[in-house]
Amino acid sequence: MLSRRALLGVAGGLVAGCRKGQVDPAGEQRASVVMPPATSEPPLMDAPKSGDTTMKTRAHPRTHEALPVIGMGTWQTFDVGADAGERAPLREVLRQFAAAGGRVIDSSPMYGRAEEVAGDLVAETGAPPRPFWATKVWTRGRAEGAAQIEASMRLLRTDELDLLQVHNLLDFEAHIATLKRLRDAGRVRYLGVTHYTQAGLDELERVLRREPLDFVQLPYSAAVRAAEQRLLPTAAELGVAVLVMRPFDGGSLFAKVKGQPLPEWAAELECTSFGQLFLKFILGHPAVHCPLPATSSPKHMADNVRAGFGRMPDAAEREKIAALVAG
């Protein structure tokens, strides 16, 4: 395998010439990148000290299905057109993700063309070979919701969704019957809910206690920890798996540590970047199953998936990570 320095050099060469753009949800630069077709699939990283050869997994509390601990979001990053130059870096992102063992891909109809682009590229590349498709319903009205779900399946090129979520609890009462019907028909495996604000955590908890759901998706990071108070314990109590959106708090975590050297103790967790530390902070919580960082950069994807290897932090180490951004 290539050394990490060599890998970063390769990834840096691939994204050479990118121009500065909008910050994406994972805290990376969105870039208009033109990349040549990959002639081979580059190794991701040095072999971890722990001897892990593929990403760690965590079992769903009730079904015991094992899922890789680093997933991939698609908000903004996969909302591109049909141009080959726009889609080229995303193909490499998927290859990096799949080569590390990643499978969970989360999208939504509110993410522009993200469902279509993700569906097209997974079909073209075969990476990952067995994606865990998670998407959402985000509209009002039962008929409108059912039509939107059918459109999502067409765009993702699948007859079966692994996870269907009511996005931001929008018109939850209208949609939950449709979700259950699709699950009973074998077209959806798991049901869930999401909310993107801390203000929505109380309502998420009420819904979880009322409905037998499988997943909840919420914002959580080393700087945004409100979910620790009640919702994460509730999910653990009820056997609900937790997906995490905005694991880098929209990129603000990187701004908080700008100019700081990576602490020496990061090596004890086999981390070579702040991004890996921030993701391992999340994975150190026993109720969390999978953060969903989003990026359009193959280099950043190679860095993100590295957090799924090696030892996870204990409670004291998590507080040390949080102190880096609190300071």
# chains A, B, ... in the order shown; residues from 1 in each chain; ligands from 1
>>> select_by_dssp(residues="segment 237-270 of chain A", states="strand (DSSP E)", output="number ranges by chain")
A: 241-245
>>> select_by_dssp(residues="segment 32-191 of chain A", states="helix (DSSP H, G or I)", output="number ranges by chain")
A: 84-99, 109-111, 114-125, 142-156, 167-169, 172-184
>>> atom_distance(atom1="atom CA of Gln148 of chain A", atom2="atom CA of Ala88 of chain A")
27.8 Å
>>> closest_residue(among="A:Leu90, A:Met72, A:Ala127, A:Leu204", to="Leu218 of chain A", atoms="only C-alpha atoms")
A:Leu204
>>> residues_around(residues="Pro212 of chain A", least_positions_apart="4", cutoff="10 Å", atoms="only C-alpha atoms", output="list in words")
Leu191, Gly192, Val207, Leu208, Leu238, Gly239 and Val240 of chain A
>>> write_last_selection(atoms="C-alpha atoms", output="PDB file, in the first residue's frame")
ATOM      1  CA  LEU A 191     -38.204   3.399   9.024  1.00  0.00           C
ATOM      2  CA  GLY A 192     -36.829   6.565  10.572  1.00  0.00           C
ATOM      3  CA  VAL A 207     -42.126  10.512  18.152  1.00  0.00           C
ATOM      4  CA  LEU A 208     -39.618   7.787  19.062  1.00  0.00           C
ATOM      5  CA  LEU A 238     -35.595   2.028  22.735  1.00  0.00           C
ATOM      6  CA  GLY A 239     -33.143   0.198  20.475  1.00  0.00           C
ATOM      7  CA  VAL A 240     -33.121   2.907  17.791  1.00  0.00           C
TER       8      VAL A 240
END
>>> closest_residue(among="A:Ala322, A:Leu169, A:Met153, A:Cys271", to="Val224 of chain A", atoms="only C-alpha atoms")
A:Ala322
>>> residues_around(residues="Ala236 of chain A", least_positions_apart="3", cutoff="9 Å", atoms="only C-alpha atoms", output="PDB file with N, CA, C and O atoms, in the first residue's frame")
ATOM      1  N   PRO A  61     -29.378  -2.172  17.077  1.00  0.00           N
ATOM      2  CA  PRO A  61     -29.730  -2.700  18.401  1.00  0.00           C
ATOM      3  C   PRO A  61     -30.778  -3.797  18.392  1.00  0.00           C
ATOM      4  O   PRO A  61     -30.763  -4.666  19.260  1.00  0.00           O
ATOM      5  N   LEU A 231     -31.864  12.706  23.985  1.00  0.00           N
ATOM      6  CA  LEU A 231     -32.228  11.934  22.800  1.00  0.00           C
ATOM      7  C   LEU A 231     -31.339  10.715  22.592  1.00  0.00           C
ATOM      8  O   LEU A 231     -31.827   9.629  22.262  1.00  0.00           O
ATOM      9  N   LEU A 232     -30.036  10.848  22.764  1.00  0.00           N
ATOM     10  CA  LEU A 232     -29.168   9.685  22.601  1.00  0.00           C
ATOM     11  C   LEU A 232     -29.475   8.609  23.641  1.00  0.00           C
ATOM     12  O   LEU A 232     -29.566   7.419  23.289  1.00  0.00           O
ATOM     13  N   PRO A 233     -29.663   8.964  24.929  1.00  0.00           N
ATOM     14  CA  PRO A 233     -30.085   7.936  25.887  1.00  0.00           C
ATOM     15  C   PRO A 233     -31.431   7.301  25.536  1.00  0.00           C
ATOM     16  O   PRO A 233     -31.623   6.092  25.717  1.00  0.00           O
ATOM     17  N   GLY A 239     -33.729   1.023  21.527  1.00  0.00           N
ATOM     18  CA  GLY A 239     -33.143   0.198  20.475  1.00  0.00           C
ATOM     19  C   GLY A 239     -33.219   0.829  19.104  1.00  0.00           C
ATOM     20  O   GLY A 239     -33.396   0.136  18.094  1.00  0.00           O
ATOM     21  N   VAL A 240     -33.080   2.162  19.052  1.00  0.00           N
ATOM     22  CA  VAL A 240     -33.121   2.907  17.791  1.00  0.00           C
ATOM     23  C   VAL A 240     -31.693   3.266  17.395  1.00  0.00           C
ATOM     24  O   VAL A 240     -30.950   3.840  18.195  1.00  0.00           O
ATOM     25  N   ALA A 241     -31.302   2.940  16.174  1.00  0.00           N
ATOM     26  CA  ALA A 241     -29.964   3.289  15.692  1.00  0.00           C
ATOM     27  C   ALA A 241     -29.894   4.781  15.368  1.00  0.00           C
ATOM     28  O   ALA A 241     -30.885   5.374  14.928  1.00  0.00           O
ATOM     29  N   VAL A 242     -28.721   5.385  15.569  1.00  0.00           N
ATOM     30  CA  VAL A 242     -28.546   6.830  15.406  1.00  0.00           C
ATOM     31  C   VAL A 242     -27.597   7.133  14.260  1.00  0.00           C
ATOM     32  O   VAL A 242     -26.445   6.669  14.239  1.00  0.00           O
ATOM     33  N   PRO A 286     -21.582   5.577  22.780  1.00  0.00           N
ATOM     34  CA  PRO A 286     -22.078   4.221  22.513  1.00  0.00           C
ATOM     35  C   PRO A 286     -23.431   4.160  21.821  1.00  0.00           C
ATOM     36  O   PRO A 286     -23.780   3.122  21.250  1.00  0.00           O
ATOM     37  N   ALA A 287     -24.200   5.255  21.831  1.00  0.00           N
ATOM     38  CA  ALA A 287     -25.518   5.235  21.184  1.00  0.00           C
ATOM     39  C   ALA A 287     -25.460   5.531  19.698  1.00  0.00           C
ATOM     40  O   ALA A 287     -26.434   5.295  18.985  1.00  0.00           O
ATOM     41  N   VAL A 288     -24.328   6.045  19.218  1.00  0.00           N
ATOM     42  CA  VAL A 288     -24.216   6.462  17.817  1.00  0.00           C
ATOM     43  C   VAL A 288     -23.750   5.290  16.957  1.00  0.00           C
ATOM     44  O   VAL A 288     -22.861   4.539  17.338  1.00  0.00           O
TER      45      VAL A 288
END
